[in-house]
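Contents: one structure, followed by commentary.
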Number of protein chains: 2
Amino acid sequence: MADEPRWLNECEREAWLALAKLMFNLPSALDAQLLCDCQLTLFDYFVLSKLSMTPGRTLRLSELARRIGSSLSRLSNVVKRLEQRGLLYRAPDPENSRYTRATLTDAGWDLVVAAAPGHVAAVRRYVIDGLTGEQIDVLRDIACHVMRRLNEAAEESRSGVSPSRGRDHAGSAD
Amino acid sequence: MADEPRWLNECEREAWLALAKLMFNLPSALDAQLLCDCQLTLFDYFVLSKLSMTPGRTLRLSELARRIGSSLSRLSNVVKRLEQRGLLYRAPDPENSRYTRATLTDAGWDLVVAAAPGHVAAVRRYVIDGLTGEQIDVLRDIACHVMRRLNEAAEESRSGVSPSRGRDHAGSAD
């Protein structure tokens, strides 16, 4: 009986199916707005935006990946493409040349500044406007909970801990 | 002043960034589990699962797209691929041959039945377990709110209504 699947109850199933529909549709709607207005995907926008908010407009790729919540390999591909467009450039970190840093160019800055109002209007239109303050807080808590679970699972996978045993190692806080 | 962007406040920004991280990461984590266990993506699983829950295991592609919350073009590509694997087959709807229906095969049924426990365990692990009943209800409400907004925007776009004017046409209820 311990191996019997714990199926979702009706409320859990409704919530999960609604979230799945959101995941199938919201990214492409936000991509479409940004692509139409400034030839950026949502992911591109996050890369440029995170750099624009950093002193010196520069971050190590590993730190940029962490802040976006992306794998380093996916980020590296996007950064190469944005570099070809002259929106940022890569260089070895002078403090430790094993690391690569990305720096926003003036063209990248101008593009993200121009893109921000339309993007924020789309986020308001599709997500934020119409939610109560309480719903917004719960949304943040739930999304952070999911990201903690994903990070724990990735860490367990790296350290070879079986999911069924739970975490018996010293997990690092994010 | 009417055109000044309404930037997100701190709570809204935190919630949105957390949701964006979820959207960047949860689909690939669920894809990875399904691909590893049964060579299905999350989207493939939804297609097979929706058919498996339908009397006759058959649906028009347009209705299947609606239930999954997908565009017809994306669904059509996936359905072709699943047909090549013998998991479903397409045929004209006998009631109206302008429509195409998809029917789950026995092989498709067996695969989705075999896939379900592992998939549900992953959904529990990454999303559902650890949330309160109240949080689950709010998650459903928020995700349904976003889908309504996206559907309204798509309908406005089709009927040529400017977003800034709001909806002045008779929108159909979903």
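Letters A, B, ... go to the chains of the structure tokens in the order shown; residues in each chain start at 1; ligands are counted from 1 in the same order.
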Chain B contacts on chain A, only C-alpha atoms, 7 Å, as a PyMOL selection string: chain A and resi 5+7+11-12+14-15+18-19+21-24+68-70+117+120+126-128+135-140+143-144+146-147+149-150
Which neighbours of range 95-105 of chain A fall inside 7 Å, counting only C-alpha atoms, when residues of the same chain fewer than 5 positions from it are skipped, and could you give them as a VMD selection string? chain A and resid 48 51 to 52 57 to 61 87 to 90
Please write the residues from the selection above to a file, keeping N, CA, C and O atoms, as a PDB file, in the first residue's frame.
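Ended up saving to again_7.pdb:
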```pdb
ATOM      1  N   LEU A  48      18.805  41.158 -19.828  1.00  0.00           N
ATOM      2  CA  LEU A  48      19.170  42.568 -19.952  1.00  0.00           C
ATOM      3  C   LEU A  48      18.722  43.354 -18.719  1.00  0.00           C
ATOM      4  O   LEU A  48      19.458  44.213 -18.209  1.00  0.00           O
ATOM      5  N   LEU A  51      20.968  42.760 -15.644  1.00  0.00           N
ATOM      6  CA  LEU A  51      22.233  43.493 -15.792  1.00  0.00           C
ATOM      7  C   LEU A  51      22.018  44.988 -15.583  1.00  0.00           C
ATOM      8  O   LEU A  51      22.838  45.666 -14.947  1.00  0.00           O
ATOM      9  N   SER A  52      20.903  45.507 -16.084  1.00  0.00           N
ATOM     10  CA  SER A  52      20.659  46.957 -15.992  1.00  0.00           C
ATOM     11  C   SER A  52      20.491  47.403 -14.544  1.00  0.00           C
ATOM     12  O   SER A  52      20.723  48.565 -14.225  1.00  0.00           O
ATOM     13  N   ARG A  57      26.531  47.465 -14.293  1.00  0.00           N
ATOM     14  CA  ARG A  57      25.789  46.711 -15.339  1.00  0.00           C
ATOM     15  C   ARG A  57      26.507  45.428 -15.730  1.00  0.00           C
ATOM     16  O   ARG A  57      26.500  45.023 -16.905  1.00  0.00           O
ATOM     17  N   THR A  58      27.143  44.771 -14.747  1.00  0.00           N
ATOM     18  CA  THR A  58      27.993  43.611 -14.999  1.00  0.00           C
ATOM     19  C   THR A  58      27.714  42.521 -13.973  1.00  0.00           C
ATOM     20  O   THR A  58      27.554  42.817 -12.789  1.00  0.00           O
ATOM     21  N   LEU A  59      27.636  41.273 -14.436  1.00  0.00           N
ATOM     22  CA  LEU A  59      27.488  40.129 -13.521  1.00  0.00           C
ATOM     23  C   LEU A  59      28.232  38.925 -14.100  1.00  0.00           C
ATOM     24  O   LEU A  59      28.318  38.779 -15.329  1.00  0.00           O
ATOM     25  N   ARG A  60      28.751  38.089 -13.193  1.00  0.00           N
ATOM     26  CA  ARG A  60      29.224  36.778 -13.630  1.00  0.00           C
ATOM     27  C   ARG A  60      28.040  36.002 -14.200  1.00  0.00           C
ATOM     28  O   ARG A  60      26.922  36.084 -13.664  1.00  0.00           O
ATOM     29  N   LEU A  61      28.290  35.202 -15.236  1.00  0.00           N
ATOM     30  CA  LEU A  61      27.193  34.428 -15.829  1.00  0.00           C
ATOM     31  C   LEU A  61      26.552  33.499 -14.796  1.00  0.00           C
ATOM     32  O   LEU A  61      25.333  33.310 -14.795  1.00  0.00           O
ATOM     33  N   LEU A  87      24.154  43.921 -27.646  1.00  0.00           N
ATOM     34  CA  LEU A  87      23.400  44.378 -26.474  1.00  0.00           C
ATOM     35  C   LEU A  87      24.176  44.156 -25.178  1.00  0.00           C
ATOM     36  O   LEU A  87      23.855  44.748 -24.142  1.00  0.00           O
ATOM     37  N   LEU A  88      25.154  43.281 -25.209  1.00  0.00           N
ATOM     38  CA  LEU A  88      26.040  43.048 -24.059  1.00  0.00           C
ATOM     39  C   LEU A  88      27.349  42.485 -24.610  1.00  0.00           C
ATOM     40  O   LEU A  88      27.440  42.141 -25.789  1.00  0.00           O
ATOM     41  N   TYR A  89      28.388  42.453 -23.752  1.00  0.00           N
ATOM     42  CA  TYR A  89      29.613  41.755 -24.164  1.00  0.00           C
ATOM     43  C   TYR A  89      30.117  40.889 -23.014  1.00  0.00           C
ATOM     44  O   TYR A  89      29.791  41.139 -21.850  1.00  0.00           O
ATOM     45  N   ARG A  90      30.818  39.843 -23.373  1.00  0.00           N
ATOM     46  CA  ARG A  90      31.385  38.910 -22.390  1.00  0.00           C
ATOM     47  C   ARG A  90      32.884  39.175 -22.235  1.00  0.00           C
ATOM     48  O   ARG A  90      33.558  39.537 -23.205  1.00  0.00           O
TER      49      ARG A  90
END
```
Nearest to Lys50 in chain B, chosen from B:Leu82, B:Leu64, B:Cys38, B:Ser28, with only C-alpha atoms counted in the distances: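 Ranked by minimum distance to Lys50 in chain B, first place goes to B:Leu64.
One distance worth recording is that between CA of Pro92 in chain B and CA of Gly56 in chain B, which is 15.0 Å.
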Identify, with DSSP run on backbone atoms, the residues in range 76-166 of chain B assigned to strand (DSSP E or B), and express the list as a list in words.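 Taking range 76-166 of chain B and keeping strand (DSSP E or B) only, one gets Leu88, Tyr89, Arg90, Ala91, Pro92, Asp93, Asn96, Ser97, Arg98, Tyr99, Thr100, Arg101, Ala102, Thr103 and Leu104 of chain B.
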Residues of chain B in alpha helix (DSSP H), written as number ranges by chain: B: 10-38, 42-52, 61-68, 72-84, 106-123, 133-159
